[in-house]
Amino acid sequence: MKLWSWVVGFGRFWYRFIVGDDWTVAAAVAVGLLATAYLNARGVPAWWLIPIVVAVVVGVSLRRASPAETRRA
Amino acid sequence: MTGLGFVLVTTFLASTVEAIEMVTIVVGVGASRGWRATLTGVGAGFAVLAVVVAVFGLALSAIPIGPLRLIIGALLLVFGLQWFLKGVTRVAARGLAGMQAGHEAEQLEWTGPGFDWTAFVLAFKGIVLEGLEVAFIAVSFGVAANQLGAAALGGVGAVVVVGAIGVAVHPLVTRIPRSLLQLVVGTLLTTFGTFWALEGLGVVWPGSDAAILGLLVFYVATALIYISFERRHALGFAPGRLA
């Protein structure tokens, strides 16, 4: 039982660390990294992709946050 | 300059770049989350490094650093983005007038029950990855020039000197308002995370390590643009009320 609660706590920690409040941010980064790896493997310079993904996903995540949350933060 | 002096200075300078990244993460995380867990992560990171260096020795360069950079970089990137978002939201919501240190709602430091594993993991990963890079530099330069002792001294010296500077400046960092500190640390973690994750994928950065500065400028500009948008949005698109 103690082992199980430790496993649950461990999983919860990493979920909060990686996913946090908005799962779309982590998902966008994962897709961006996969796309970068794909382009890089084909010899296309792809260093610009993740910074653009970051800039866009931050904007989308901020838009998704409610105004009330924005004022409370 | 003698061969020994050349290896010492070259290794010191090359390792200084890695040491700056290492110390920046530790000081940022410690100042924002608290020092107990951060320094425990630092200690654990150096302990793992010592074991790795002792076990592998000169075969250190055989360790595949690419996957390590990718995993640690991706983790720092997704976590850094969470703080980046919160930092933008908080600075936009309160503006400069609401950013006094010690504001009750701006508490970042860990106050929950138990140990702050987030600060531990962030510091641990920064130390292990950057420490390994310093060790790689020392082994590469030392073996190539047959001056391993001088190269090791240069690498360790860089970490000690930059670490001492970090200790000296940390009181200034802790005086930065909480919201701004969260945004600054989030921006730095996002910058380093982006750089390392893409290096781990084998992407060649234009300008090599100098690309970190370019990324930093880009993310700072992104933060400023979104802060401006959020403030306009929160104030009902009435820029005149920002004054």
# chains A, B, ... in the order shown; residues from 1 in each chain; ligands from 1
$ select_by_dssp --residues "chain A" --states "alpha helix (DSSP H)" --output "ChimeraX atom specification"
/A:2-18,23-41,49-64,67-72
$ residues_around --residues "range 9-14 of chain A" --least-positions-apart "6" --cutoff "10 Å" --atoms "only C-alpha atoms" --output "list in words"
Leu3 and Gly20 of chain A; Leu75, Trp117 and Thr118 of chain B
$ closest_residue --among "A:Leu39, A:Val7, A:Ile18, A:Trp23" --to "chain B" --atoms "only C-alpha atoms"
A:Ile18
$ closest_atom_pairs --of "chain B" --to "chain A" --cutoff "9 Å" --atoms "only C-alpha atoms" --output "JSON lines"
{"residue": "B:Ala74", "atom": "CA", "partner": "A:Val29", "partner_atom": "CA", "distance": 8.0}
{"residue": "B:Leu75", "atom": "CA", "partner": "A:Ile18", "partner_atom": "CA", "distance": 6.6}
{"residue": "B:Leu76", "atom": "CA", "partner": "A:Ile18", "partner_atom": "CA", "distance": 8.8}
{"residue": "B:Leu77", "atom": "CA", "partner": "A:Val29", "partner_atom": "CA", "distance": 8.1}
{"residue": "B:Val78", "atom": "CA", "partner": "A:Ala26", "partner_atom": "CA", "distance": 5.7}
{"residue": "B:Phe79", "atom": "CA", "partner": "A:Ile18", "partner_atom": "CA", "distance": 6.0}
{"residue": "B:Leu81", "atom": "CA", "partner": "A:Val25", "partner_atom": "CA", "distance": 7.8}
{"residue": "B:Gln82", "atom": "CA", "partner": "A:Gly20", "partner_atom": "CA", "distance": 6.8}
{"residue": "B:Phe84", "atom": "CA", "partner": "A:Val58", "partner_atom": "CA", "distance": 8.4}
{"residue": "B:Leu85", "atom": "CA", "partner": "A:Val58", "partner_atom": "CA", "distance": 6.5}
{"residue": "B:Lys86", "atom": "CA", "partner": "A:Ala73", "partner_atom": "CA", "distance": 7.5}
{"residue": "B:Val88", "atom": "CA", "partner": "A:Leu62", "partner_atom": "CA", "distance": 8.9}
{"residue": "B:Thr89", "atom": "CA", "partner": "A:Thr70", "partner_atom": "CA", "distance": 6.0}
{"residue": "B:Arg90", "atom": "CA", "partner": "A:Ala73", "partner_atom": "CA", "distance": 5.4}
{"residue": "B:Ala92", "atom": "CA", "partner": "A:Thr70", "partner_atom": "CA", "distance": 8.4}
{"residue": "B:Ala93", "atom": "CA", "partner": "A:Arg71", "partner_atom": "CA", "distance": 5.6}
{"residue": "B:Arg94", "atom": "CA", "partner": "A:Arg71", "partner_atom": "CA", "distance": 8.2}
{"residue": "B:Ala105", "atom": "CA", "partner": "A:Ala73", "partner_atom": "CA", "distance": 8.0}
{"residue": "B:Glu106", "atom": "CA", "partner": "A:Ala73", "partner_atom": "CA", "distance": 8.4}
{"residue": "B:Trp117", "atom": "CA", "partner": "A:Phe13", "partner_atom": "CA", "distance": 8.1}
{"residue": "B:Thr118", "atom": "CA", "partner": "A:Phe17", "partner_atom": "CA", "distance": 7.2}
{"residue": "B:Thr190", "atom": "CA", "partner": "A:Val54", "partner_atom": "CA", "distance": 8.8}
{"residue": "B:Thr191", "atom": "CA", "partner": "A:Pro51", "partner_atom": "CA", "distance": 8.9}
{"residue": "B:Thr194", "atom": "CA", "partner": "A:Ile50", "partner_atom": "CA", "distance": 7.0}
{"residue": "B:Phe195", "atom": "CA", "partner": "A:Trp47", "partner_atom": "CA", "distance": 8.8}
{"residue": "B:Ala197", "atom": "CA", "partner": "A:Leu33", "partner_atom": "CA", "distance": 8.0}
{"residue": "B:Leu198", "atom": "CA", "partner": "A:Trp47", "partner_atom": "CA", "distance": 7.0}
{"residue": "B:Leu201", "atom": "CA", "partner": "A:Ala37", "partner_atom": "CA", "distance": 6.1}
{"residue": "B:Gly202", "atom": "CA", "partner": "A:Asn40", "partner_atom": "CA", "distance": 7.4}
{"residue": "B:Val203", "atom": "CA", "partner": "A:Trp47", "partner_atom": "CA", "distance": 6.3}
{"residue": "B:Val204", "atom": "CA", "partner": "A:Trp47", "partner_atom": "CA", "distance": 7.2}
{"residue": "B:Trp205", "atom": "CA", "partner": "A:Trp47", "partner_atom": "CA", "distance": 6.3}
{"residue": "B:Pro206", "atom": "CA", "partner": "A:Trp47", "partner_atom": "CA", "distance": 8.3}
{"residue": "B:Leu215", "atom": "CA", "partner": "A:Pro51", "partner_atom": "CA", "distance": 7.5}
{"residue": "B:Phe218", "atom": "CA", "partner": "A:Pro51", "partner_atom": "CA", "distance": 8.0}
{"residue": "B:Tyr219", "atom": "CA", "partner": "A:Ala55", "partner_atom": "CA", "distance": 7.6}
{"residue": "B:Thr222", "atom": "CA", "partner": "A:Ala55", "partner_atom": "CA", "distance": 6.3}
{"residue": "B:Ala223", "atom": "CA", "partner": "A:Ala55", "partner_atom": "CA", "distance": 8.7}
{"residue": "B:Tyr226", "atom": "CA", "partner": "A:Gly59", "partner_atom": "CA", "distance": 7.1}
{"residue": "B:Glu230", "atom": "CA", "partner": "A:Leu62", "partner_atom": "CA", "distance": 8.1}
{"residue": "B:His233", "atom": "CA", "partner": "A:Pro67", "partner_atom": "CA", "distance": 8.5}
{"residue": "B:Ala234", "atom": "CA", "partner": "A:Pro67", "partner_atom": "CA", "distance": 7.0}
$ residues_around --residues "Gly186 in chain B" --least-positions-apart "2" --cutoff "6 Å" --atoms "only C-alpha atoms" --output "PyMOL selection string"
chain B and resi 80+83-84+182-184+188-189
$ residues_around --residues "range 128-139 of chain B" --least-positions-apart "5" --cutoff "9 Å" --atoms "only C-alpha atoms" --output "VMD selection string"
chain B and resid 11 to 12 14 to 16 18 to 19 21 to 22 42 44 to 46 48 to 49 52 to 53 57 to 61 65 68 to 69 72 123 144 148 to 156 158 to 159
$ write_last_selection --atoms "C-alpha atoms" --output "mmCIF file, in the first residue's frame"
data_model
loop_
_atom_site.group_PDB
_atom_site.id
_atom_site.type_symbol
_atom_site.label_atom_id
_atom_site.label_comp_id
_atom_site.auth_asym_id
_atom_site.auth_seq_id
_atom_site.Cartn_x
_atom_site.Cartn_y
_atom_site.Cartn_z
ATOM 1 C CA THR B 11 39.496 24.502 -21.148
ATOM 2 C CA PHE B 12 38.664 27.187 -18.588
ATOM 3 C CA ALA B 14 35.160 26.653 -22.952
ATOM 4 C CA SER B 15 33.902 25.319 -19.605
ATOM 5 C CA THR B 16 32.897 28.808 -18.440
ATOM 6 C CA GLU B 18 28.656 25.573 -19.548
ATOM 7 C CA ALA B 19 29.254 26.731 -15.962
ATOM 8 C CA GLU B 21 24.310 27.893 -17.777
ATOM 9 C CA MET B 22 24.624 25.602 -14.730
ATOM 10 C CA VAL B 42 23.126 20.447 -6.528
ATOM 11 C CA ALA B 44 23.095 15.003 -5.616
ATOM 12 C CA GLY B 45 24.027 16.202 -9.111
ATOM 13 C CA PHE B 46 27.705 16.582 -8.220
ATOM 14 C CA VAL B 48 26.283 11.496 -9.598
ATOM 15 C CA LEU B 49 28.849 13.380 -11.693
ATOM 16 C CA VAL B 52 30.180 8.885 -13.553
ATOM 17 C CA VAL B 53 33.622 10.488 -13.942
ATOM 18 C CA GLY B 57 37.337 8.115 -16.692
ATOM 19 C CA LEU B 58 38.813 8.752 -20.120
ATOM 20 C CA ALA B 59 35.989 6.734 -21.734
ATOM 21 C CA LEU B 60 33.629 9.540 -20.712
ATOM 22 C CA SER B 61 33.298 10.770 -24.266
ATOM 23 C CA ILE B 65 25.237 12.997 -24.630
ATOM 24 C CA LEU B 68 20.621 13.153 -22.483
ATOM 25 C CA ARG B 69 20.481 16.679 -23.945
ATOM 26 C CA ILE B 72 16.764 17.134 -20.117
ATOM 27 C CA ALA B 123 18.885 21.832 -10.018
ATOM 28 C CA ALA B 144 44.161 15.784 -27.451
ATOM 29 C CA LEU B 148 44.729 15.925 -18.750
ATOM 30 C CA GLY B 149 45.658 17.478 -15.390
ATOM 31 C CA ALA B 150 45.676 21.021 -16.769
ATOM 32 C CA ALA B 151 42.407 20.418 -18.641
ATOM 33 C CA ALA B 152 40.713 19.052 -15.500
ATOM 34 C CA LEU B 153 41.984 22.054 -13.524
ATOM 35 C CA GLY B 154 40.590 24.419 -16.169
ATOM 36 C CA GLY B 155 37.168 22.727 -16.101
ATOM 37 C CA VAL B 156 36.911 22.600 -12.313
ATOM 38 C CA ALA B 158 35.528 27.461 -14.377
ATOM 39 C CA VAL B 159 32.814 25.839 -12.248
#
$ atom_distance --atom1 "CA of Arg42 in chain A" --atom2 "CA of Gly73 in chain B"
22.0 Å
$ atom_distance --atom1 "CA of Gly126 in chain B" --atom2 "CA of Ile25 in chain B"
6.5 Å
$ closest_residue --among "B:Leu180, B:Val29, B:Ile71, B:Val51" --to "Ile227 in chain B" --atoms "only C-alpha atoms"
B:Leu180
$ atom_distance --atom1 "CA of Val173 in chain B" --atom2 "CA of Gly34 in chain B"
12.1 Å
